[in-house]
Amino acid sequence: HALQKQILKRKFSGLQNSIFHSTYYTACPWKKMPQVTTVYDMISEIFPETFELPHIKETREAKSKAIKNASQIIAISETTKRDIQKVYGIQEHLIDVIHLGVDYTFFATKPSEGITQALLSKHHLNSPYFLYVGGRLHHKNFIRLLKGFALSVASRDHNLGVVGDRKSTRL
């Protein structure tokens, strides 16, 4: 963090009439510059007992600092906004809800049937299937997903495709 802060100071020193927007809890190196931070959820603050990993504690501390120093906060949902207010006592007018999304043109080009079939074959997915995209950390409830899928009627005629970081899975 210290190196990142020094690089930011050197690269952007002297900026006037600027806003610093942290999209993942980076501290602004200029105290007088207005700061905006985006908050994705407050799960580790609401359920701290389930988040004992060192990197999550560090992220929680950085998030706390970013929220407290922000001139304005972007929450990705009304629930996140309420949680920020509840946990930090931030006034409602300082939090804007802006939902995550992607430009529709991102999906405008459909892959060819050959590419689609190659991907399905490579990952042993016979249609129909459910797709899980995400990490396997405990707060994602991945183990519960596996158990629930295995016990469900859907598992008889559907596959479960899983992509994402699996290093943190403990099966």
# chains A, B, ... in the order shown; residues from 1 in each chain; ligands from 1
$ select_by_dssp --residues "segment 27-83 of chain A" --states "strand (DSSP E or B)" --output "MDAnalysis selection string"
chainID A and resid 35:39 72:75
$ residues_around --residues "Glu45 of chain A" --least-positions-apart "6" --cutoff "12 Å" --atoms "only C-alpha atoms" --output "PyMOL selection string"
chain A and resi 51-52+56-57+59-61+63-64+80+83-84+86-88
$ write_last_selection --atoms "N, CA and C atoms" --output "short mmCIF file (atom, residue, chain, number, x, y, z; two decimals), in the first residue's frame"
data_model
loop_
_atom_site.label_atom_id
_atom_site.label_comp_id
_atom_site.auth_asym_id
_atom_site.auth_seq_id
_atom_site.Cartn_x
_atom_site.Cartn_y
_atom_site.Cartn_z
N PHE A 51 -15.19 -14.30 8.84
CA PHE A 51 -14.14 -13.78 7.97
C PHE A 51 -12.85 -13.61 8.76
N GLU A 52 -12.17 -14.69 9.00
CA GLU A 52 -10.96 -14.66 9.82
C GLU A 52 -9.67 -14.63 8.99
N ILE A 56 -8.80 -10.61 4.32
CA ILE A 56 -10.14 -10.05 4.47
C ILE A 56 -10.14 -8.99 5.57
N LYS A 57 -9.39 -9.24 6.62
CA LYS A 57 -9.28 -8.23 7.69
C LYS A 57 -8.63 -6.96 7.15
N THR A 59 -8.64 -5.93 4.01
CA THR A 59 -9.60 -5.29 3.11
C THR A 59 -10.67 -4.57 3.90
N ARG A 60 -11.14 -5.18 4.99
CA ARG A 60 -12.17 -4.56 5.83
C ARG A 60 -11.65 -3.24 6.42
N GLU A 61 -10.38 -3.23 6.85
CA GLU A 61 -9.79 -2.00 7.40
C GLU A 61 -9.66 -0.92 6.32
N LYS A 63 -11.45 -0.72 3.61
CA LYS A 63 -12.80 -0.30 3.27
C LYS A 63 -13.34 0.71 4.28
N SER A 64 -13.12 0.43 5.56
CA SER A 64 -13.57 1.33 6.62
C SER A 64 -12.97 2.72 6.44
N THR A 80 -26.91 -2.76 0.24
CA THR A 80 -25.57 -2.30 0.60
C THR A 80 -25.65 -0.89 1.19
N ASP A 83 -26.85 -1.16 4.71
CA ASP A 83 -25.81 -1.76 5.55
C ASP A 83 -24.71 -0.75 5.87
N ILE A 84 -24.33 0.08 4.91
CA ILE A 84 -23.32 1.12 5.15
C ILE A 84 -23.84 2.09 6.22
N LYS A 86 -26.09 1.50 8.50
CA LYS A 86 -26.20 0.79 9.78
C LYS A 86 -24.84 0.60 10.44
N VAL A 87 -23.85 0.15 9.68
CA VAL A 87 -22.53 -0.17 10.24
C VAL A 87 -21.74 1.10 10.56
N TYR A 88 -21.77 2.09 9.66
CA TYR A 88 -20.91 3.27 9.82
C TYR A 88 -21.66 4.55 10.19
#
$ residues_around --residues "Leu100 of chain A" --least-positions-apart "5" --cutoff "12 Å" --atoms "only C-alpha atoms" --output "PyMOL selection string"
chain A and resi 38-40+74-77
$ write_last_selection --atoms "C-alpha atoms" --output "compact mmCIF listing (two decimals), in the first residue's frame"
# COMPACT_ATOMS: atom_id res chain seq x y z
CA THR A 38 -17.60 2.21 -4.44
CA VAL A 39 -18.84 -0.37 -1.93
CA TYR A 40 -19.96 -3.77 -3.18
CA ILE A 74 -21.50 4.54 -4.42
CA ALA A 75 -23.35 1.43 -3.23
CA ILE A 76 -24.25 -1.26 -5.76
CA SER A 77 -27.64 -1.99 -4.16
$ residues_around --residues "Leu94 of chain A" --least-positions-apart "2" --cutoff "10 Å" --atoms "only C-alpha atoms" --output "PyMOL selection string"
chain A and resi 36+70-74+81+85+90-92+96
$ closest_residue --among "A:Asp157, A:Gln6, A:Lys32, A:Gly135" --to "Ser18 of chain A" --atoms "only C-alpha atoms"
A:Lys32
$ atom_distance --atom1 "atom CA of Asn159 of chain A" --atom2 "atom CA of Thr105 of chain A"
29.0 Å
$ residues_around --residues "Cys28 of chain A" --least-positions-apart "3" --cutoff "9 Å" --atoms "only C-alpha atoms" --output "VMD selection string"
chain A and resid 5 8 20 to 22 31 33 to 35 66 69
$ write_last_selection --atoms "N, CA, C and O atoms" --output "JSON list (two decimals), in the first residue's frame"
[["chain", "number", "residue", "atom", "x", "y", "z"],
["A", 5, "LYS", "N", 0.81, 4.22, -2.86],
["A", 5, "LYS", "CA", 0.54, 5.61, -2.48],
["A", 5, "LYS", "C", 1.61, 6.54, -3.03],
["A", 5, "LYS", "O", 1.32, 7.62, -3.55],
["A", 8, "LEU", "N", 1.15, 6.96, -6.82],
["A", 8, "LEU", "CA", 0.03, 7.86, -7.09],
["A", 8, "LEU", "C", 0.41, 9.32, -6.85],
["A", 8, "LEU", "O", 0.08, 10.19, -7.64],
["A", 20, "PHE", "N", -10.96, 11.87, -6.65],
["A", 20, "PHE", "CA", -10.32, 10.56, -6.56],
["A", 20, "PHE", "C", -11.42, 9.53, -6.35],
["A", 20, "PHE", "O", -12.15, 9.57, -5.37],
["A", 21, "HIS", "N", -11.55, 8.57, -7.28],
["A", 21, "HIS", "CA", -12.57, 7.52, -7.18],
["A", 21, "HIS", "C", -11.88, 6.19, -6.94],
["A", 21, "HIS", "O", -11.21, 5.66, -7.81],
["A", 22, "SER", "N", -12.08, 5.65, -5.76],
["A", 22, "SER", "CA", -11.52, 4.34, -5.43],
["A", 22, "SER", "C", -12.57, 3.28, -5.69],
["A", 22, "SER", "O", -13.64, 3.28, -5.08],
["A", 31, "LYS", "N", -5.18, 14.51, 0.89],
["A", 31, "LYS", "CA", -6.23, 14.67, 1.90],
["A", 31, "LYS", "C", -7.31, 15.68, 1.50],
["A", 31, "LYS", "O", -8.45, 15.54, 1.88],
["A", 33, "MET", "N", -8.37, 16.39, -1.58],
["A", 33, "MET", "CA", -9.10, 16.06, -2.80],
["A", 33, "MET", "C", -10.40, 15.33, -2.44],
["A", 33, "MET", "O", -10.38, 14.42, -1.61],
["A", 34, "PRO", "N", -11.52, 15.72, -3.05],
["A", 34, "PRO", "CA", -12.77, 14.99, -2.82],
["A", 34, "PRO", "C", -12.61, 13.52, -3.23],
["A", 34, "PRO", "O", -11.99, 13.22, -4.25],
["A", 35, "GLN", "N", -13.18, 12.64, -2.42],
["A", 35, "GLN", "CA", -13.03, 11.20, -2.66],
["A", 35, "GLN", "C", -14.39, 10.53, -2.81],
["A", 35, "GLN", "O", -15.31, 10.81, -2.05],
["A", 66, "ALA", "N", -11.70, 4.01, 3.66],
["A", 66, "ALA", "CA", -12.20, 4.62, 2.42],
["A", 66, "ALA", "C", -13.60, 5.18, 2.61],
["A", 66, "ALA", "O", -13.91, 6.29, 2.15],
["A", 69, "ASN", "N", -13.51, 8.37, 4.84],
["A", 69, "ASN", "CA", -12.87, 9.52, 4.19],
["A", 69, "ASN", "C", -13.59, 9.98, 2.93],
["A", 69, "ASN", "O", -13.21, 10.98, 2.34]]
